[in-house]
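input10.tsv, holding TSV, C-alpha atoms:
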```tsv
chain	number	residue	atom	x	y	z
E	1	MET	CA	0.00	0.00	0.00
E	2	GLN	CA	0.97	3.63	-0.33
E	3	VAL	CA	1.92	5.28	2.96
E	4	LEU	CA	1.93	9.10	3.06
E	5	TYR	CA	3.40	11.51	5.59
E	6	PHE	CA	2.59	15.19	6.08
E	7	ALA	CA	4.01	18.18	7.96
E	8	TRP	CA	6.58	17.26	10.64
E	9	LEU	CA	6.02	13.53	10.14
E	10	ARG	CA	7.18	13.97	6.54
E	11	GLU	CA	10.22	15.93	7.72
E	12	ARG	CA	11.20	13.45	10.44
E	13	ILE	CA	10.80	10.43	8.21
E	14	GLY	CA	12.36	12.17	5.23
E	15	ALA	CA	9.77	11.06	2.68
E	16	ALA	CA	6.37	12.28	1.52
E	17	ARG	CA	5.19	8.84	0.40
E	18	GLU	CA	6.43	5.30	-0.02
E	19	GLU	CA	5.18	1.89	-1.07
E	20	VAL	CA	5.03	-0.45	1.93
E	21	GLN	CA	4.59	-4.22	1.66
E	22	THR	CA	2.66	-5.26	4.73
E	23	ASP	CA	0.15	-7.71	6.11
E	24	ALA	CA	-0.67	-5.41	9.03
E	25	ALA	CA	-4.26	-5.94	10.13
E	26	THR	CA	-4.73	-2.51	11.67
E	27	VAL	CA	-3.19	0.96	11.59
E	28	ALA	CA	-1.59	0.24	14.98
E	29	ASP	CA	0.04	-2.89	13.56
E	30	LEU	CA	1.40	-0.88	10.62
E	31	VAL	CA	2.82	1.73	13.00
E	32	GLY	CA	4.51	-1.06	14.94
E	33	GLU	CA	6.12	-2.40	11.75
E	34	LEU	CA	7.30	1.05	10.69
E	35	ARG	CA	8.72	1.82	14.14
E	36	ALA	CA	10.81	-1.34	14.02
E	37	ARG	CA	12.36	-0.38	10.67
E	38	GLU	CA	14.66	2.52	11.54
E	39	PRO	CA	15.18	5.10	14.30
E	40	ARG	CA	13.66	7.91	12.18
E	41	TYR	CA	10.34	6.04	12.13
E	42	ALA	CA	10.55	5.29	15.84
E	43	ALA	CA	11.19	9.01	16.44
E	44	ALA	CA	8.28	10.11	14.25
E	45	PHE	CA	5.89	7.67	15.94
E	46	SER	CA	7.20	8.11	19.50
E	47	ASP	CA	4.17	10.09	20.71
E	48	MET	CA	1.02	8.73	19.08
E	49	SER	CA	-1.15	11.33	20.84
E	50	ALA	CA	0.34	13.79	18.33
E	51	VAL	CA	-0.37	11.61	15.27
E	52	ARG	CA	-3.59	11.36	13.27
E	53	VAL	CA	-4.35	8.91	10.47
E	54	ALA	CA	-6.51	8.68	7.38
E	55	VAL	CA	-7.25	5.41	5.57
E	56	ASP	CA	-8.10	5.86	1.89
E	57	GLN	CA	-8.53	9.63	2.45
E	58	THR	CA	-10.99	9.25	5.34
E	59	MET	CA	-10.13	10.11	8.95
E	60	ALA	CA	-9.64	6.90	10.96
E	61	ASP	CA	-8.12	5.78	14.23
E	62	MET	CA	-5.30	3.46	15.25
E	63	ALA	CA	-7.66	0.49	15.57
E	64	ALA	CA	-8.94	0.89	11.99
E	65	PRO	CA	-8.63	-2.27	9.87
E	66	LEU	CA	-6.37	-2.15	6.81
E	67	LYS	CA	-7.86	-5.02	4.82
E	68	GLY	CA	-8.30	-3.74	1.27
E	69	ALA	CA	-6.84	-0.31	2.09
E	70	ARG	CA	-4.75	1.28	-0.66
E	71	GLU	CA	-3.53	4.45	1.01
E	72	VAL	CA	-2.71	5.28	4.63
E	73	ALA	CA	-1.67	8.81	5.59
E	74	PHE	CA	-0.07	9.92	8.87
E	75	PHE	CA	-0.07	13.56	9.97
E	76	PRO	CA	-0.26	15.84	13.01
E	77	PRO	CA	-3.57	17.33	14.17
E	78	VAL	CA	-4.76	19.67	11.43
E	79	THR	CA	-4.18	23.43	11.67
E	80	GLY	CA	-5.92	24.96	8.68
E	81	GLY	CA	-8.43	27.77	8.55
Y	1	MET	CA	-21.48	23.95	-4.38
Y	2	ALA	CA	-18.09	25.62	-4.43
Y	3	VAL	CA	-15.18	24.01	-2.67
Y	4	ARG	CA	-11.76	25.07	-3.89
Y	5	VAL	CA	-8.14	24.78	-2.82
Y	6	GLN	CA	-5.80	27.20	-4.58
Y	7	GLU	CA	-2.53	29.12	-4.26
Y	8	ALA	CA	-4.02	32.31	-5.68
Y	9	ASP	CA	-5.82	34.92	-3.60
Y	10	PHE	CA	-9.61	35.22	-3.80
Y	11	ASP	CA	-11.92	38.19	-4.36
Y	12	ILE	CA	-14.55	38.18	-1.63
Y	13	ALA	CA	-17.02	40.43	-3.47
Y	14	ALA	CA	-16.74	38.37	-6.65
Y	15	GLU	CA	-17.31	35.13	-4.72
Y	16	ILE	CA	-20.42	36.53	-3.02
Y	17	ALA	CA	-21.72	37.80	-6.37
Y	18	ALA	CA	-21.19	34.37	-7.94
Y	19	LEU	CA	-22.95	32.62	-5.06
Y	20	THR	CA	-26.02	34.85	-5.20
Y	21	ALA	CA	-26.21	35.52	-8.96
Y	22	THR	CA	-28.96	33.10	-9.87
Y	23	ASP	CA	-30.97	32.74	-6.66
Y	24	ARG	CA	-33.39	35.57	-5.83
Y	25	ASP	CA	-34.57	33.70	-2.74
Y	26	ILE	CA	-31.40	34.46	-0.75
Y	27	GLY	CA	-31.95	36.98	2.03
Y	28	ALA	CA	-28.64	36.64	3.87
Y	29	VAL	CA	-25.02	35.89	3.07
Y	30	VAL	CA	-22.50	35.55	5.89
Y	31	SER	CA	-18.83	35.60	4.97
Y	32	PHE	CA	-15.85	34.65	7.12
Y	33	THR	CA	-12.30	35.43	6.02
Y	34	GLY	CA	-9.28	34.03	7.86
Y	35	LEU	CA	-6.04	36.00	7.60
Y	36	VAL	CA	-2.38	35.30	8.36
Y	37	ARG	CA	-1.57	36.93	11.70
Y	38	GLU	CA	1.76	38.53	12.47
Y	39	ILE	CA	3.72	36.64	15.14
Y	40	ALA	CA	4.89	38.77	18.06
Y	41	GLY	CA	8.68	39.08	17.84
Y	42	GLY	CA	8.71	37.23	14.54
Y	43	GLY	CA	10.72	39.90	12.76
Y	44	ALA	CA	10.12	41.65	9.46
Y	45	ASP	CA	10.48	38.65	7.18
Y	46	GLN	CA	7.64	36.47	8.44
Y	47	ARG	CA	6.24	33.74	6.24
Y	48	MET	CA	3.62	31.06	6.57
Y	49	THR	CA	3.39	27.95	4.41
Y	50	LEU	CA	0.17	25.98	4.09
Y	51	GLU	CA	0.53	22.30	3.25
Y	52	HIS	CA	-2.39	19.97	2.53
Y	53	TYR	CA	-3.30	16.43	1.50
Y	54	PRO	CA	-4.63	16.98	-2.02
Y	55	ALA	CA	-6.38	13.63	-2.47
Y	56	MET	CA	-8.31	14.15	0.77
Y	57	THR	CA	-8.83	17.91	1.09
Y	58	GLU	CA	-11.67	18.54	-1.32
Y	59	ARG	CA	-13.46	15.41	-0.16
Y	60	ALA	CA	-13.19	16.54	3.47
Y	61	LEU	CA	-14.44	20.04	2.63
Y	62	ALA	CA	-17.34	18.64	0.60
Y	63	GLU	CA	-18.27	16.40	3.54
Y	64	ILE	CA	-18.22	19.42	5.89
Y	65	GLU	CA	-20.46	21.31	3.46
Y	66	ALA	CA	-22.87	18.35	3.29
Y	67	GLN	CA	-23.11	18.30	7.09
Y	68	ALA	CA	-23.92	22.03	7.18
Y	69	ARG	CA	-26.59	21.62	4.49
Y	70	ALA	CA	-28.16	18.79	6.51
Y	71	ARG	CA	-28.47	21.10	9.55
Y	72	TRP	CA	-29.58	24.40	8.00
Y	73	PRO	CA	-31.70	25.39	4.99
Y	74	LEU	CA	-28.85	26.82	2.93
Y	75	SER	CA	-29.19	28.27	-0.55
Y	76	GLY	CA	-25.46	28.26	-1.18
Y	77	VAL	CA	-22.10	27.47	0.40
Y	78	ALA	CA	-18.57	28.35	-0.69
Y	79	ILE	CA	-15.32	27.23	0.90
Y	80	ILE	CA	-12.05	28.47	-0.57
Y	81	HIS	CA	-8.76	27.62	1.14
Y	82	ARG	CA	-5.35	28.82	0.04
Y	83	VAL	CA	-2.17	26.72	0.14
Y	84	GLY	CA	1.50	27.49	-0.45
Y	85	PRO	CA	3.55	30.48	0.76
Y	86	LEU	CA	1.68	33.32	2.52
Y	87	ALA	CA	2.65	36.46	4.44
Y	88	PRO	CA	1.05	38.35	7.37
Y	89	GLY	CA	-2.13	40.07	6.21
Y	90	ASP	CA	-2.76	37.58	3.39
Y	91	ASN	CA	-6.10	35.83	3.09
Y	92	ILE	CA	-6.05	32.14	4.06
Y	93	VAL	CA	-9.64	30.97	3.91
Y	94	LEU	CA	-13.07	32.17	2.82
Y	95	VAL	CA	-16.34	30.63	3.94
Y	96	LEU	CA	-19.70	31.85	2.60
Y	97	ALA	CA	-23.09	30.68	3.79
Y	98	ALA	CA	-26.26	31.90	2.05
Y	99	SER	CA	-29.81	31.36	3.22
Y	100	ARG	CA	-33.28	32.95	3.22
Y	101	HIS	CA	-32.70	34.29	6.73
Y	102	ARG	CA	-29.69	35.44	8.71
Y	103	HIS	CA	-29.70	32.99	11.61
Y	104	ALA	CA	-29.10	29.95	9.44
Y	105	ALA	CA	-26.38	31.80	7.53
Y	106	PHE	CA	-24.59	32.98	10.70
Y	107	GLU	CA	-24.72	29.58	12.37
Y	108	ALA	CA	-23.73	27.65	9.26
Y	109	ALA	CA	-20.68	29.89	8.66
Y	110	ALA	CA	-19.51	29.32	12.25
Y	111	PHE	CA	-20.14	25.57	11.94
Y	112	LEU	CA	-18.23	25.36	8.63
Y	113	MET	CA	-15.19	27.12	10.13
Y	114	ASP	CA	-15.22	25.03	13.34
Y	115	TYR	CA	-15.32	21.82	11.32
Y	116	LEU	CA	-12.79	23.01	8.77
Y	117	LYS	CA	-10.29	23.86	11.52
Y	118	THR	CA	-10.47	20.39	13.05
Y	119	ARG	CA	-11.35	18.06	10.14
Y	120	ALA	CA	-9.76	19.35	6.94
Y	121	PRO	CA	-6.17	18.20	6.25
Y	122	PHE	CA	-4.23	21.47	6.23
Y	123	TRP	CA	-1.06	22.25	8.19
Y	124	LYS	CA	0.54	25.64	8.85
Y	125	LYS	CA	4.25	26.22	9.20
Y	126	GLU	CA	5.47	29.60	10.44
Y	127	ALA	CA	8.89	31.06	9.65
Y	128	GLY	CA	10.41	34.20	11.12
Y	129	ALA	CA	13.41	35.64	12.89
Y	130	SER	CA	13.55	32.77	15.40
Y	131	GLY	CA	13.44	30.00	12.80
Y	132	GLU	CA	10.54	27.91	11.58
Y	133	ALA	CA	7.99	25.73	13.35
Y	134	TRP	CA	4.81	23.81	12.62
Y	135	VAL	CA	1.80	25.45	14.24
Y	136	ASP	CA	0.32	23.38	17.07
Y	137	ALA	CA	-3.36	22.46	17.04
Y	138	ARG	CA	-5.40	24.25	19.71
Y	139	GLU	CA	-7.61	22.46	22.19
Y	140	SER	CA	-10.03	25.39	21.99
Y	141	ASP	CA	-10.69	24.42	18.36
Y	142	GLU	CA	-11.77	20.92	19.43
Y	143	ALA	CA	-13.98	22.48	22.12
Y	144	ALA	CA	-15.53	24.75	19.47
Y	145	VAL	CA	-16.50	21.75	17.34
Y	146	ALA	CA	-17.89	19.84	20.33
Y	147	ARG	CA	-20.56	22.49	20.93
Y	148	TRP	CA	-22.32	21.44	17.71
Y	149	GLY	CA	-22.95	17.97	19.17
```
Since I need it in another form, could you write the structure as structure tokens?
Amino acid sequence: MQVLYFAWLRERIGAAREEVQTDAATVADLVGELRAREPRYAAAFSDMSAVRVAVDQTMADMAAPLKGAREVAFFPPVTGG
Amino acid sequence: MAVRVQEADFDIAAEIAALTATDRDIGAVVSFTGLVREIAGGGADQRMTLEHYPAMTERALAEIEAQARARWPLSGVAIIHRVGPLAPGDNIVLVLAASRHRHAAFEAAAFLMDYLKTRAPFWKKEAGASGEAWVDARESDEAAVARWG
């Protein structure tokens, strides 16, 4: 699936998007896999209270299932307007 | 329906004219414009950059509009949000709500802004004399959305 990062998550991870091969059942499982990859992921996902997620462009939560999902985006709480 | 994300500035009078051009039943249009504020001690060369999630933004704004239309009898809604580099005093966002009567228009405009600030995928980064930093979300914005139930 495509995994996207915005704002400071993009800066800490050093990529705006990447293709990730995963069998993660939920968003939380995917975060666990990413954290285990490299320190920059562990740093970006160190405080999950500061991270929001969208699955296929719809706001979701960490328990959201990923079966059939094509795009997961991680970002801080929004600050538009 | 008018939901747009753009780098260019917008013309408030032209947007109101476009919203009301064909509907003689509109008795009230409320407009809200959000501007880039100057940061205290930020120096002369302040900048703000607006980033967004293009594949999601217009969908999220359209969903917010649909929720407003389900709550109030609206004749028209416009949401225009700028992205890219901005400076203090620049327009950031325009929300228009048109209805037969003012109460629906006032309430819908406030609702649209409260939801936009907490549900639409935009992020602000400020740059000035002391460096650059992502703007933190405010708890008061979540409280503002909670009042709509």
Pick from E:Ala64, E:Val53, E:Ala24, E:Val72, whichever lies nearest to E:Val3 using only C-alpha atoms: E:Val72
Hey, what's within 8 Å of Y:Leu19 if we count only C-alpha atoms and toss same-chain stuff fewer than 6 positions away? As JSON, numbers by chain, please? {"Y": [76, 77, 78, 98]}
Given the point (-7.3, -3.3, 10.5) in the file's coordinates, find the residues that have an atom at most 8 Å from it, counting all atoms listed in the file, and give them as a PyMOL selection string. chain E and resi 24-27+29+63-67
Put those residues in a file: C-alpha atoms, as a PDB file, in the coordinates of the input.
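Output below, filename selection_17.pdb:
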```
ATOM      1  CA  ALA E  24      -0.670  -5.410   9.030  1.00  0.00           C
ATOM      2  CA  ALA E  25      -4.260  -5.940  10.130  1.00  0.00           C
ATOM      3  CA  THR E  26      -4.730  -2.510  11.670  1.00  0.00           C
ATOM      4  CA  VAL E  27      -3.190   0.960  11.590  1.00  0.00           C
ATOM      5  CA  ASP E  29       0.040  -2.890  13.560  1.00  0.00           C
ATOM      6  CA  ALA E  63      -7.660   0.490  15.570  1.00  0.00           C
ATOM      7  CA  ALA E  64      -8.940   0.890  11.990  1.00  0.00           C
ATOM      8  CA  PRO E  65      -8.630  -2.270   9.870  1.00  0.00           C
ATOM      9  CA  LEU E  66      -6.370  -2.150   6.810  1.00  0.00           C
ATOM     10  CA  LYS E  67      -7.860  -5.020   4.820  1.00  0.00           C
TER      11      LYS E  67
END
```
Hey, what's within 10 Å of E:Phe6 if we count all atoms listed in the file and toss same-chain stuff fewer than 3 positions away? As a PDB file with C-alpha atoms, in the frame of the given file, please?
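The result, written out as selection_3.pdb:
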```
ATOM      1  CA  LEU E   9       6.020  13.530  10.140  1.00  0.00           C
ATOM      2  CA  ARG E  10       7.180  13.970   6.540  1.00  0.00           C
ATOM      3  CA  GLU E  11      10.220  15.930   7.720  1.00  0.00           C
ATOM      4  CA  ARG E  12      11.200  13.450  10.440  1.00  0.00           C
ATOM      5  CA  ILE E  13      10.800  10.430   8.210  1.00  0.00           C
ATOM      6  CA  ALA E  15       9.770  11.060   2.680  1.00  0.00           C
ATOM      7  CA  ALA E  16       6.370  12.280   1.520  1.00  0.00           C
ATOM      8  CA  ARG E  17       5.190   8.840   0.400  1.00  0.00           C
ATOM      9  CA  ALA E  73      -1.670   8.810   5.590  1.00  0.00           C
ATOM     10  CA  PHE E  74      -0.070   9.920   8.870  1.00  0.00           C
ATOM     11  CA  PHE E  75      -0.070  13.560   9.970  1.00  0.00           C
ATOM     12  CA  PRO E  76      -0.260  15.840  13.010  1.00  0.00           C
TER      13      PRO E  76
ATOM     14  CA  GLU Y  51       0.530  22.300   3.250  1.00  0.00           C
ATOM     15  CA  HIS Y  52      -2.390  19.970   2.530  1.00  0.00           C
ATOM     16  CA  TYR Y  53      -3.300  16.430   1.500  1.00  0.00           C
ATOM     17  CA  PRO Y 121      -6.170  18.200   6.250  1.00  0.00           C
ATOM     18  CA  PHE Y 122      -4.230  21.470   6.230  1.00  0.00           C
ATOM     19  CA  TRP Y 123      -1.060  22.250   8.190  1.00  0.00           C
TER      20      TRP Y 123
END
```
Using only C-alpha atoms, pick whichever of E:Trp8, E:Leu30, E:Ala60, E:Ala69 has the shortest atom-to-atom distance to chain Y.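 Once distances to chain Y are computed over only C-alpha atoms, the minimum belongs to E:Trp8.
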Do you know which residues are at most 6 Å from stretch 81-93 of chain Y counting only C-alpha atoms, after dropping those on the same chain fewer than 6 positions away, and could you put them as a ChimeraX atom specification? /E:81 /Y:5-7,33-38,47-50
Taking C-alpha atoms for each residue, export the selection above as an mmCIF file, in the frame of the given file.
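The new file result_6.cif reads:
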```
data_model
loop_
_atom_site.group_PDB
_atom_site.id
_atom_site.type_symbol
_atom_site.label_atom_id
_atom_site.label_comp_id
_atom_site.auth_asym_id
_atom_site.auth_seq_id
_atom_site.Cartn_x
_atom_site.Cartn_y
_atom_site.Cartn_z
ATOM 1 C CA GLY E 81 -8.430 27.770 8.550
ATOM 2 C CA VAL Y 5 -8.140 24.780 -2.820
ATOM 3 C CA GLN Y 6 -5.800 27.200 -4.580
ATOM 4 C CA GLU Y 7 -2.530 29.120 -4.260
ATOM 5 C CA THR Y 33 -12.300 35.430 6.020
ATOM 6 C CA GLY Y 34 -9.280 34.030 7.860
ATOM 7 C CA LEU Y 35 -6.040 36.000 7.600
ATOM 8 C CA VAL Y 36 -2.380 35.300 8.360
ATOM 9 C CA ARG Y 37 -1.570 36.930 11.700
ATOM 10 C CA GLU Y 38 1.760 38.530 12.470
ATOM 11 C CA ARG Y 47 6.240 33.740 6.240
ATOM 12 C CA MET Y 48 3.620 31.060 6.570
ATOM 13 C CA THR Y 49 3.390 27.950 4.410
ATOM 14 C CA LEU Y 50 0.170 25.980 4.090
#
```
Between Y:Asp136, Y:Glu126, Y:Glu142, Y:Glu107, which has the minimum distance to chain E (counting all atoms listed in the file)?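 Checking each of Y:Asp136, Y:Glu126, Y:Glu142, Y:Glu107 against chain E, counting all atoms listed in the file, the winner is Y:Asp136.
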Y:Gln67, Y:Thr22, Y:Gln46, Y:Ser31: which is nearest Y:Ala127, counting only C-alpha atoms? Y:Gln46
With only C-alpha atoms considered, list every residue of chain E at most 7 Å from chain Y, as a PyMOL selection string. chain E and resi 7+57+77-81
In Å, with one decimal, what is the gap from atom CA of Y:Gly128 to atom CA of E:Ala44?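 Atom-to-atom, atom CA of Y:Gly128 and atom CA of E:Ala44 are spaced 24.4 Å apart.
As for atom CA of Y:Glu63 and atom CA of Y:Phe106, they are spaced 19.1 Å apart.
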